[in-house]
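Enquirer: My file is input.tsv. It has TSV, C-alpha atoms:
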```
chain	number	residue	atom	x	y	z
A	22	MET	CA	24.52	8.86	-7.02
A	23	ALA	CA	23.53	6.13	-10.63
A	24	THR	CA	21.76	5.17	-13.63
A	25	LEU	CA	18.73	4.58	-15.74
A	26	ALA	CA	17.60	1.14	-16.72
A	27	HIS	CA	18.37	0.05	-20.24
A	28	PRO	CA	16.01	-2.35	-21.92
A	29	ARG	CA	17.43	-5.60	-23.19
A	30	PRO	CA	19.08	-4.27	-26.35
A	31	ARG	CA	19.34	-6.00	-29.69
A	32	PRO	CA	22.94	-5.95	-30.86
A	33	VAL	CA	23.79	-4.29	-34.14
A	34	THR	CA	26.13	-6.53	-36.08
A	35	GLY	CA	28.80	-5.45	-38.49
A	36	SER	CA	30.04	-7.26	-41.55
A	37	GLY	CA	32.24	-9.47	-39.44
A	38	GLY	CA	29.37	-10.59	-37.25
A	39	ARG	CA	30.61	-8.74	-34.17
A	40	THR	CA	28.32	-6.37	-32.31
A	41	ARG	CA	28.98	-2.68	-32.31
A	42	GLY	CA	27.54	0.42	-30.73
A	43	SER	CA	27.49	4.16	-31.29
A	44	VAL	CA	27.92	7.24	-29.15
A	45	ARG	CA	24.39	8.10	-30.29
A	46	HIS	CA	23.12	5.91	-27.48
A	47	LEU	CA	25.64	7.08	-24.87
A	48	GLY	CA	23.44	8.75	-22.26
A	49	PRO	CA	24.42	10.94	-19.29
A	50	ASN	CA	23.88	7.95	-16.99
A	51	TRP	CA	27.30	6.65	-18.03
A	52	TYR	CA	28.95	9.21	-15.76
A	53	ALA	CA	27.78	7.00	-12.89
A	54	ALA	CA	30.64	4.64	-13.77
A	55	VAL	CA	33.09	7.49	-13.10
A	56	MET	CA	31.38	8.35	-9.82
A	57	GLY	CA	31.28	4.73	-8.72
A	58	THR	CA	34.97	4.23	-9.50
A	59	ALA	CA	36.18	7.45	-7.89
A	60	ILE	CA	34.31	6.77	-4.64
A	61	ILE	CA	36.33	3.58	-4.18
A	62	ALA	CA	39.44	5.71	-3.74
A	63	ASN	CA	37.74	8.57	-1.89
A	64	ALA	CA	36.01	6.32	0.62
A	65	GLY	CA	39.08	4.11	1.01
A	66	ALA	CA	41.11	7.12	2.15
A	67	THR	CA	38.74	7.51	5.13
A	68	LEU	CA	39.08	3.93	6.39
A	69	PRO	CA	40.61	3.34	9.82
A	70	VAL	CA	42.99	0.82	8.24
A	71	ARG	CA	46.16	2.22	6.62
A	72	SER	CA	48.87	0.44	4.66
A	73	PRO	CA	51.22	1.22	1.73
A	74	ALA	CA	49.56	-1.45	-0.39
A	75	LEU	CA	46.10	0.05	0.15
A	76	SER	CA	47.41	3.52	-0.65
A	77	VAL	CA	48.79	2.30	-3.97
A	78	ALA	CA	45.48	0.57	-4.74
A	79	TYR	CA	43.56	3.79	-4.06
A	80	GLU	CA	45.91	5.73	-6.33
A	81	VAL	CA	45.41	3.22	-9.14
A	82	VAL	CA	41.62	3.41	-8.82
A	83	TRP	CA	41.73	7.21	-8.68
A	84	ALA	CA	43.85	7.27	-11.87
A	85	LEU	CA	41.36	4.91	-13.52
A	86	SER	CA	38.47	7.19	-12.60
A	87	ALA	CA	40.33	10.18	-14.08
A	88	VAL	CA	40.90	8.29	-17.35
A	89	LEU	CA	37.24	7.24	-17.46
A	90	LEU	CA	36.18	10.85	-16.92
A	91	ALA	CA	38.37	12.08	-19.76
A	92	VAL	CA	37.10	9.39	-22.14
A	93	LEU	CA	33.46	10.08	-21.30
A	94	LEU	CA	33.85	13.85	-21.62
A	95	VAL	CA	35.18	13.36	-25.15
A	96	ALA	CA	32.53	10.77	-26.03
A	97	ARG	CA	29.68	12.89	-24.67
A	98	ALA	CA	31.01	15.94	-26.53
A	99	ALA	CA	30.94	13.86	-29.72
A	100	HIS	CA	27.39	12.81	-28.83
A	101	TRP	CA	26.26	16.45	-28.61
A	102	VAL	CA	28.06	17.45	-31.83
A	103	ARG	CA	27.13	14.45	-34.00
A	104	HIS	CA	23.75	13.55	-32.51
A	105	THR	CA	22.30	16.84	-31.35
A	106	ASP	CA	18.74	15.64	-31.90
A	107	GLN	CA	19.28	12.71	-29.57
A	108	ALA	CA	20.98	14.89	-26.97
A	109	ARG	CA	18.00	17.26	-26.97
A	110	ALA	CA	15.64	14.30	-26.81
A	111	HIS	CA	17.44	13.15	-23.65
A	112	LEU	CA	16.80	16.54	-22.03
A	113	LEU	CA	13.11	16.34	-22.90
A	114	ASP	CA	12.76	12.74	-21.75
A	115	PRO	CA	11.62	12.73	-18.08
A	116	ALA	CA	13.28	9.33	-17.58
A	117	VAL	CA	16.70	10.46	-18.86
A	118	ALA	CA	16.93	14.16	-17.97
A	119	PRO	CA	17.67	13.69	-14.23
A	120	PHE	CA	20.89	11.85	-15.10
A	121	HIS	CA	22.46	15.07	-16.35
A	122	GLY	CA	23.29	15.67	-12.70
A	123	CYS	CA	25.78	12.80	-12.91
A	124	LEU	CA	28.23	14.93	-14.90
A	125	ALA	CA	28.63	17.34	-12.00
A	126	MET	CA	29.12	14.55	-9.49
A	127	ALA	CA	31.67	12.81	-11.72
A	128	LEU	CA	33.74	16.00	-11.93
A	129	LEU	CA	33.48	16.54	-8.18
A	130	ALA	CA	34.31	12.93	-7.28
A	131	VAL	CA	37.46	12.81	-9.41
A	132	GLY	CA	38.52	16.22	-8.09
A	133	GLY	CA	38.01	15.12	-4.49
A	134	GLY	CA	39.98	11.95	-5.15
A	135	THR	CA	42.83	14.00	-6.59
A	136	LEU	CA	43.21	15.88	-3.32
A	137	ALA	CA	42.50	12.86	-1.09
A	138	VAL	CA	44.77	10.23	-2.69
A	139	GLY	CA	46.54	11.87	-5.62
A	140	THR	CA	48.86	14.16	-3.65
A	141	ASP	CA	51.61	11.53	-3.43
A	142	VAL	CA	51.46	11.14	-7.21
A	143	ILE	CA	51.33	14.72	-8.50
A	144	GLY	CA	52.15	16.76	-5.40
A	145	VAL	CA	50.01	18.79	-3.01
A	146	SER	CA	50.01	22.04	-5.01
A	147	ALA	CA	49.08	20.35	-8.29
A	148	ALA	CA	46.43	18.23	-6.58
A	149	ALA	CA	44.87	21.30	-4.97
A	150	ALA	CA	44.87	23.12	-8.33
A	151	VAL	CA	43.24	20.20	-10.15
A	152	ASP	CA	40.67	19.76	-7.41
A	153	GLY	CA	39.92	23.48	-7.47
A	154	VAL	CA	39.24	23.44	-11.20
A	155	LEU	CA	37.12	20.30	-11.09
A	156	TRP	CA	35.27	21.44	-7.97
A	157	GLY	CA	34.47	24.78	-9.57
A	158	ALA	CA	33.29	23.20	-12.82
A	159	GLY	CA	31.30	20.52	-11.03
A	160	THR	CA	29.65	23.03	-8.72
A	161	VAL	CA	28.55	25.26	-11.59
A	162	VAL	CA	27.21	22.29	-13.58
A	163	GLY	CA	25.51	20.92	-10.47
A	164	LEU	CA	23.76	24.18	-9.62
A	165	VAL	CA	22.58	24.55	-13.22
A	166	ALA	CA	21.26	20.97	-13.22
A	167	ALA	CA	19.57	21.43	-9.84
A	168	ALA	CA	17.63	24.39	-11.24
A	169	ALA	CA	17.17	23.40	-14.89
A	170	ILE	CA	16.00	19.79	-14.54
A	171	PRO	CA	13.13	20.57	-12.12
A	172	TYR	CA	12.21	23.48	-14.41
A	173	LEU	CA	11.99	21.08	-17.36
A	174	MET	CA	9.97	18.65	-15.26
A	175	VAL	CA	7.42	21.39	-14.59
A	176	THR	CA	7.29	23.06	-18.01
A	177	ARG	CA	8.22	20.47	-20.66
A	178	HIS	CA	7.98	16.97	-19.26
A	179	ARG	CA	4.68	15.14	-18.98
A	180	ILE	CA	4.83	13.03	-15.83
A	181	ASP	CA	1.98	10.74	-14.87
A	182	VAL	CA	0.74	10.41	-11.32
A	183	GLY	CA	2.47	7.59	-9.45
A	184	THR	CA	5.63	7.53	-11.58
A	185	ALA	CA	8.04	9.20	-9.15
A	186	SER	CA	11.53	7.79	-9.50
A	187	PRO	CA	14.55	7.80	-7.16
A	188	ALA	CA	16.47	9.19	-10.16
A	189	TRP	CA	14.72	12.51	-9.54
A	190	LEU	CA	17.16	13.01	-6.67
A	191	LEU	CA	20.23	12.98	-8.93
A	192	PRO	CA	20.30	16.61	-10.13
A	193	VAL	CA	19.36	18.07	-6.74
A	194	VAL	CA	21.93	16.05	-4.79
A	195	ALA	CA	24.84	17.35	-6.89
A	196	PRO	CA	25.19	20.57	-4.78
A	197	MET	CA	25.39	18.33	-1.70
A	198	VAL	CA	28.47	16.68	-3.21
A	199	SER	CA	29.98	20.15	-3.64
A	200	ALA	CA	29.18	20.88	0.00
A	201	ALA	CA	30.88	17.66	1.10
A	202	LEU	CA	34.07	18.12	-0.96
A	203	GLY	CA	34.47	21.89	-0.81
A	204	PRO	CA	35.81	21.89	2.78
A	205	GLY	CA	38.90	20.01	1.57
A	206	LEU	CA	39.92	23.12	-0.36
A	207	ILE	CA	39.57	25.54	2.57
A	208	PRO	CA	43.16	25.13	3.87
A	209	HIS	CA	44.45	25.88	0.36
A	210	LEU	CA	42.56	29.20	0.12
A	211	PRO	CA	43.77	32.58	1.39
A	212	ALA	CA	42.87	33.15	5.04
A	213	GLY	CA	39.99	35.45	5.85
A	214	GLN	CA	37.13	36.17	3.48
A	215	TRP	CA	37.95	33.38	1.01
A	216	ARG	CA	37.87	30.63	3.59
A	217	ALA	CA	34.78	31.98	5.33
A	218	ALA	CA	32.95	32.32	2.01
A	219	MET	CA	33.79	28.74	1.06
A	220	LEU	CA	32.62	27.43	4.43
A	221	LEU	CA	29.29	29.23	4.45
A	222	GLY	CA	28.80	28.77	0.72
A	223	CYS	CA	29.07	25.00	1.20
A	224	TYR	CA	26.56	25.23	4.05
A	225	GLY	CA	24.23	27.07	1.68
A	226	MET	CA	24.51	24.28	-0.90
A	227	PHE	CA	23.94	21.75	1.87
A	228	GLY	CA	20.63	23.44	2.68
A	229	LEU	CA	19.66	23.89	-0.95
A	230	SER	CA	20.07	20.21	-1.65
A	231	LEU	CA	18.67	18.89	1.63
A	232	LEU	CA	15.40	20.81	1.49
A	233	THR	CA	14.79	19.80	-2.13
A	234	VAL	CA	15.48	16.15	-1.32
A	235	LEU	CA	13.08	16.33	1.63
A	236	ALA	CA	10.39	17.54	-0.77
A	237	MET	CA	11.01	14.78	-3.33
A	238	LEU	CA	11.67	11.75	-1.14
A	239	PRO	CA	8.05	11.43	0.08
A	240	LEU	CA	6.94	11.22	-3.57
A	241	VAL	CA	9.23	8.23	-4.11
A	242	LEU	CA	8.00	6.45	-0.99
A	243	SER	CA	4.37	7.20	-1.86
A	244	ARG	CA	4.87	5.74	-5.34
A	245	LEU	CA	6.21	2.51	-3.82
A	246	ILE	CA	3.42	2.18	-1.26
A	247	HIS	CA	0.54	2.96	-3.61
A	248	HIS	CA	1.82	1.39	-6.84
A	249	GLY	CA	4.09	-1.42	-5.71
A	250	PRO	CA	7.74	-2.21	-6.54
A	251	LEU	CA	9.58	-0.63	-9.44
A	252	PRO	CA	10.04	-2.61	-12.67
A	253	LEU	CA	12.75	-5.23	-12.34
A	254	ALA	CA	15.43	-3.39	-14.31
A	255	ALA	CA	14.82	-0.15	-12.39
A	256	THR	CA	14.82	-1.70	-8.90
A	257	PRO	CA	18.54	-1.00	-8.16
A	258	ALA	CA	17.74	2.72	-8.50
A	259	LEU	CA	16.19	2.51	-5.02
A	260	VAL	CA	19.73	2.55	-3.63
A	261	LEU	CA	20.09	6.10	-5.00
A	262	VAL	CA	18.19	7.35	-1.95
A	263	LEU	CA	21.29	6.56	0.11
A	264	GLY	CA	23.19	9.25	-1.82
A	265	PRO	CA	21.71	12.37	-0.19
A	266	LEU	CA	21.60	10.64	3.21
A	267	GLY	CA	25.25	9.60	3.25
A	268	GLN	CA	26.46	12.70	1.43
A	269	SER	CA	24.72	15.11	3.78
A	270	THR	CA	26.24	13.32	6.78
A	271	THR	CA	29.62	13.58	5.09
A	272	ALA	CA	29.05	17.26	4.34
A	273	VAL	CA	28.29	18.34	7.90
A	274	SER	CA	31.23	16.27	9.20
A	275	ASN	CA	33.69	17.77	6.72
A	276	LEU	CA	32.40	21.29	7.30
A	277	ALA	CA	32.81	20.90	11.06
A	278	HIS	CA	36.33	19.60	10.54
A	279	ALA	CA	37.25	22.54	8.29
A	280	ALA	CA	35.61	25.27	10.40
A	281	PRO	CA	38.68	25.98	12.60
A	282	ALA	CA	40.83	26.59	9.50
A	283	ALA	CA	38.31	29.23	8.44
A	284	ASN	CA	38.42	30.81	11.92
A	285	SER	CA	34.69	30.40	12.10
A	286	ALA	CA	32.90	31.56	15.22
A	287	TYR	CA	30.53	28.63	14.74
A	288	SER	CA	33.11	25.83	14.99
A	289	ASP	CA	31.73	24.31	18.20
A	290	ALA	CA	28.15	24.55	16.96
A	291	MET	CA	29.09	22.96	13.65
A	292	THR	CA	30.77	20.04	15.44
A	293	ALA	CA	27.71	19.47	17.61
A	294	PHE	CA	25.44	19.72	14.58
A	295	ALA	CA	27.55	17.19	12.68
A	296	VAL	CA	26.82	14.61	15.38
A	297	LEU	CA	23.22	15.55	16.14
A	298	TYR	CA	22.34	15.52	12.44
A	299	GLY	CA	24.57	12.69	11.26
A	300	VAL	CA	23.66	10.01	13.80
A	301	PRO	CA	19.88	9.90	13.11
A	302	VAL	CA	20.33	10.34	9.36
A	303	MET	CA	22.83	7.48	9.26
A	304	GLY	CA	20.29	5.39	11.16
A	305	PHE	CA	17.67	6.07	8.49
A	306	ALA	CA	20.25	5.33	5.79
A	307	LEU	CA	20.85	1.87	7.27
A	308	LEU	CA	17.09	1.26	7.37
A	309	TRP	CA	16.77	2.27	3.72
A	310	LEU	CA	19.74	0.08	2.84
A	311	LEU	CA	17.96	-2.96	4.27
A	312	PHE	CA	14.67	-1.99	2.62
A	313	SER	CA	16.18	-1.48	-0.82
A	314	ALA	CA	18.35	-4.60	-0.49
A	315	ALA	CA	15.24	-6.70	0.19
A	316	LEU	CA	13.55	-5.33	-2.94
A	317	VAL	CA	16.71	-5.89	-5.01
A	318	VAL	CA	16.90	-9.52	-3.85
A	319	ARG	CA	13.22	-9.92	-4.72
A	320	ALA	CA	13.82	-8.49	-8.19
A	321	PHE	CA	16.88	-10.70	-8.71
A	322	ARG	CA	14.90	-13.80	-7.80
A	323	SER	CA	12.21	-12.68	-10.26
A	324	GLY	CA	14.71	-12.59	-13.12
A	325	MET	CA	16.35	-9.16	-12.98
A	326	ARG	CA	19.29	-8.97	-15.41
A	327	PHE	CA	22.21	-6.58	-15.55
A	328	SER	CA	21.61	-3.02	-16.66
A	329	MET	CA	23.41	0.24	-16.03
A	330	THR	CA	21.18	0.75	-12.96
A	331	TRP	CA	23.57	-1.58	-11.14
A	332	TRP	CA	26.02	1.32	-10.80
A	333	ALA	CA	23.60	2.56	-8.13
A	334	PHE	CA	25.27	-0.03	-5.89
A	335	THR	CA	28.46	2.08	-5.82
A	336	PHE	CA	28.43	5.85	-5.26
A	337	PRO	CA	25.43	6.03	-2.88
A	338	VAL	CA	26.91	3.29	-0.70
A	339	GLY	CA	30.27	5.08	-0.82
A	340	THR	CA	28.72	8.26	0.59
A	341	CYS	CA	27.54	6.21	3.56
A	342	VAL	CA	31.12	5.01	4.03
A	343	THR	CA	32.43	8.57	4.19
A	344	GLY	CA	29.52	9.62	6.39
A	345	ALA	CA	30.20	6.82	8.88
A	346	ALA	CA	33.92	7.70	8.85
A	347	GLY	CA	33.06	11.29	9.70
A	348	LEU	CA	30.92	10.19	12.62
A	349	ALA	CA	33.73	7.94	13.82
A	350	GLY	CA	36.06	10.92	13.88
A	351	HIS	CA	33.66	13.20	15.75
A	352	THR	CA	32.34	10.66	18.26
A	353	GLY	CA	35.40	8.47	18.78
A	354	LEU	CA	33.16	5.38	18.77
A	355	ALA	CA	34.70	2.17	17.42
A	356	LEU	CA	31.18	1.19	16.35
A	357	TYR	CA	31.38	3.67	13.47
A	358	ASP	CA	34.83	2.41	12.51
A	359	TRP	CA	33.37	-1.08	12.11
A	360	LEU	CA	30.40	0.32	10.22
A	361	THR	CA	32.76	2.18	7.88
A	362	ALA	CA	34.73	-0.98	7.13
A	363	GLY	CA	31.60	-3.11	6.62
A	364	LEU	CA	30.01	-0.63	4.24
A	365	TYR	CA	33.28	-0.33	2.32
A	366	LEU	CA	33.36	-4.09	1.72
A	367	LEU	CA	29.79	-3.84	0.39
A	368	LEU	CA	30.88	-0.94	-1.83
A	369	VAL	CA	33.79	-2.88	-3.31
A	370	ALA	CA	31.54	-5.88	-4.01
A	371	GLY	CA	29.06	-3.64	-5.85
A	372	TRP	CA	31.81	-1.94	-7.84
A	373	LEU	CA	33.42	-5.20	-8.93
A	374	THR	CA	30.06	-6.59	-10.03
A	375	ALA	CA	29.04	-3.49	-11.97
A	376	SER	CA	32.50	-3.11	-13.54
A	377	VAL	CA	32.74	-6.68	-14.77
A	378	CYS	CA	29.20	-6.69	-16.17
A	379	THR	CA	29.71	-3.32	-17.86
A	380	ALA	CA	32.99	-4.41	-19.45
A	381	ARG	CA	31.32	-7.57	-20.72
A	382	GLY	CA	28.38	-5.58	-22.12
A	383	LEU	CA	30.73	-3.20	-23.92
A	384	PHE	CA	32.75	-6.05	-25.38
A	385	ARG	CA	29.60	-7.71	-26.67
A	386	GLY	CA	28.30	-4.38	-27.98
A	387	THR	CA	24.96	-4.62	-26.20
A	388	LEU	CA	25.15	-1.58	-23.93
A	389	LEU	CA	25.54	0.96	-26.73
A	390	ALA	CA	23.30	-0.81	-29.24
A	391	PRO	CA	19.86	0.55	-30.23
A	392	PRO	CA	16.97	-0.48	-27.97
A	393	ALA	CA	15.41	-3.85	-28.75
A	394	SER	CA	12.02	-2.23	-29.31
A	395	ALA	CA	13.26	-0.18	-32.24
A	396	PRO	CA	14.33	-1.45	-35.66
A	397	ALA	CA	17.94	-0.65	-36.47
A	398	SER	CA	16.85	1.73	-39.22
A	399	ALA	CA	14.56	3.64	-36.87
A	400	SER	CA	16.79	3.69	-33.83
A	401	ALA	CA	17.67	7.32	-34.37
A	402	SER	CA	14.42	8.43	-32.78
A	403	VAL	CA	14.49	6.16	-29.74
A	404	PRO	CA	16.68	6.97	-26.72
A	405	ALA	CA	18.94	4.10	-25.72
A	406	SER	CA	18.12	4.62	-22.09
A	407	THR	CA	14.35	4.33	-22.20
A	408	PRO	CA	13.22	2.35	-19.16
A	409	ALA	CA	12.27	-1.26	-19.64
A	410	PRO	CA	8.55	-1.95	-19.53
A	411	ALA	CA	7.13	-3.45	-16.39
A	412	PRO	CA	7.04	-7.26	-16.40
A	413	ALA	CA	3.82	-9.16	-16.75
A	414	PRO	CA	2.15	-10.04	-13.44
A	415	ALA	CA	3.61	-13.15	-11.89
A	416	SER	CA	0.18	-14.69	-11.55
A	417	THR	CA	-0.31	-14.90	-15.31
A	418	PRO	CA	1.04	-18.21	-16.67
A	419	ALA	CA	3.67	-17.75	-19.36
A	420	SER	CA	2.06	-20.44	-21.45
A	421	ALA	CA	-1.58	-19.50	-20.94
A	422	PRO	CA	-3.62	-20.38	-24.01
A	423	ALA	CA	-5.11	-17.63	-26.09
A	424	PRO	CA	-8.83	-17.07	-25.50
A	425	ALA	CA	-11.13	-18.93	-27.88
A	426	PRO	CA	-12.44	-16.84	-30.78
A	427	ALA	CA	-15.99	-15.57	-30.53
A	428	PRO	CA	-18.52	-17.77	-32.43
A	429	LYS	CA	-19.63	-16.46	-35.78
A	430	ALA	CA	-23.13	-15.16	-36.06
A	431	THR	CA	-25.58	-17.65	-37.50
A	432	PRO	CA	-27.61	-16.28	-40.44
A	433	VAL	CA	-31.33	-16.16	-39.79
```
Give the structure from the file, written as structure tokens.
Expert:
Amino acid sequence: MATLAHPRPRPVTGSGGRTRGSVRHLGPNWYAAVMGTAIIANAGATLPVRSPALSVAYEVVWALSAVLLAVLLVARAAHWVRHTDQARAHLLDPAVAPFHGCLAMALLAVGGGTLAVGTDVIGVSAAAAVDGVLWGAGTVVGLVAAAAIPYLMVTRHRIDVGTASPAWLLPVVAPMVSAALGPGLIPHLPAGQWRAAMLLGCYGMFGLSLLTVLAMLPLVLSRLIHHGPLPLAATPALVLVLGPLGQSTTAVSNLAHAAPAANSAYSDAMTAFAVLYGVPVMGFALLWLLFSAALVVRAFRSGMRFSMTWWAFTFPVGTCVTGAAGLAGHTGLALYDWLTAGLYLLLVAGWLTASVCTARGLFRGTLLAPPASAPASASASVPASTPAPAPAPASTPASAPAPAPAPKATPV
């Protein structure tokens, strides 16, 4: 579910005076824009409201997410080929490395959207084939990221006490996205072993992701309690915690729905588990939504400006939409239908805000420019996605006079 904070960059100007950027500073966090766009279509398909106009809108957004994915895959490939040193530096940077999980989730989100809303455009068979390829690729990348990034954190990264970040959840939540979207492919698989393997394999990835998240989430909460709020630019990353909560609720709901097609002997148990697990987890997700929203408002009032972290307002919220829709289907309660619609409106507002601000930043050339802290000539050694430094304490006056110099010693 999002993105690392960019410091306020200093534009690099060309001969014509216009700003320009380079794929050198295109980090893996940019895949969050694909995830955040695809979830608009995916979550919209689960809404209780249906209309031809909405269906066309979802198809347009899904097509946009597919185009964004293709563009970013090419741009990131160019980044690895032309700026290999920077790409390796991103892997060794503990602030950037977790965002490599976003690639897997971008592939999975676009694939899921293809099957959910793209069938009327390209046909059911083609949509299932595309989703199968993207799901397979995203699952492999996600499992590699879920194992490799924690390994790098232990062996290569140097992480100070009290610096836990919600971004740590990104690589380990990717298998949960596979678990949530894999059930959609079960009816398109051969009956018997294939369907059963997909069902239980998705349950295995659900457990893999959930247990790892449960180990990391207390570190994030402890960091907030003992060390205070995150820096202003990084505050939106708190919303990332909603990702594993909403996605796990979605996963158990979708698995319960797909179990009969797999002729699973556990269908009734899976349906009961979907409700008994999903209801309390969705309750905690709503609590965390209020908690993180309060801190975001606080940061905004303190002067928080746009950064790519604002894409955290999209995909994690979208997973709560799909989770609430799953609970509505299994419980039959209109309460969850209303919750689904309300969360979707919040999702659309976040997506519109992040999209407009990102487009404006790209046009101005600020989002891909070298960091402000590095001279243009030395920008090659500084990652573009290094977190912004923490602001000065609010109690220190901005115009406080410098301390008086110490008196010179008087000769004896």
Enquirer: Pick out the closest residue to Trp101 (chain A) from this set: A:Gly48, A:Gly225, A:Gly339, A:Gly264. Count only C-alpha atoms.
Expert: A:Gly48
Enquirer: Nearest to Thr330 (chain A) among A:Leu128, A:Val300, A:Leu276, A:Leu259, with distances taken over only C-alpha atoms: which residue is it?
Expert: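 Residue with the minimum atom-to-atom distance to Thr330 (chain A): A:Leu259.
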Enquirer: Please determine, counting all atoms listed in the file, which residue among A:Trp189, A:Ala147, A:Met237, A:Val175 has the shortest atom-to-atom distance to His209 (chain A).
Expert: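 Among the listed residues, A:Ala147 lies closest to His209 (chain A).
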Enquirer: One decimal, Å: what's the distance from CA of Tyr79 (chain A) over to CA of Ala54 (chain A), could you say?
Expert: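 Value for the CA of Tyr79 (chain A)-CA of Ala54 (chain A) distance: 16.2 Å.
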Enquirer: Rounded to one decimal in Å, what is the spacing between CA of Gly203 (chain A) and CA of Asp152 (chain A)?
Expert: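 These two atoms are separated by 9.3 Å.
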Enquirer: Let me make sure I understand: among A:Val162, A:Cys378, A:Ala320, A:Ala345, which one has the smallest atom-to-atom distance to Leu266 (chain A) if we use all atoms listed in the file?
Expert: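 Closest to Leu266 (chain A) of all the choices is A:Ala345.
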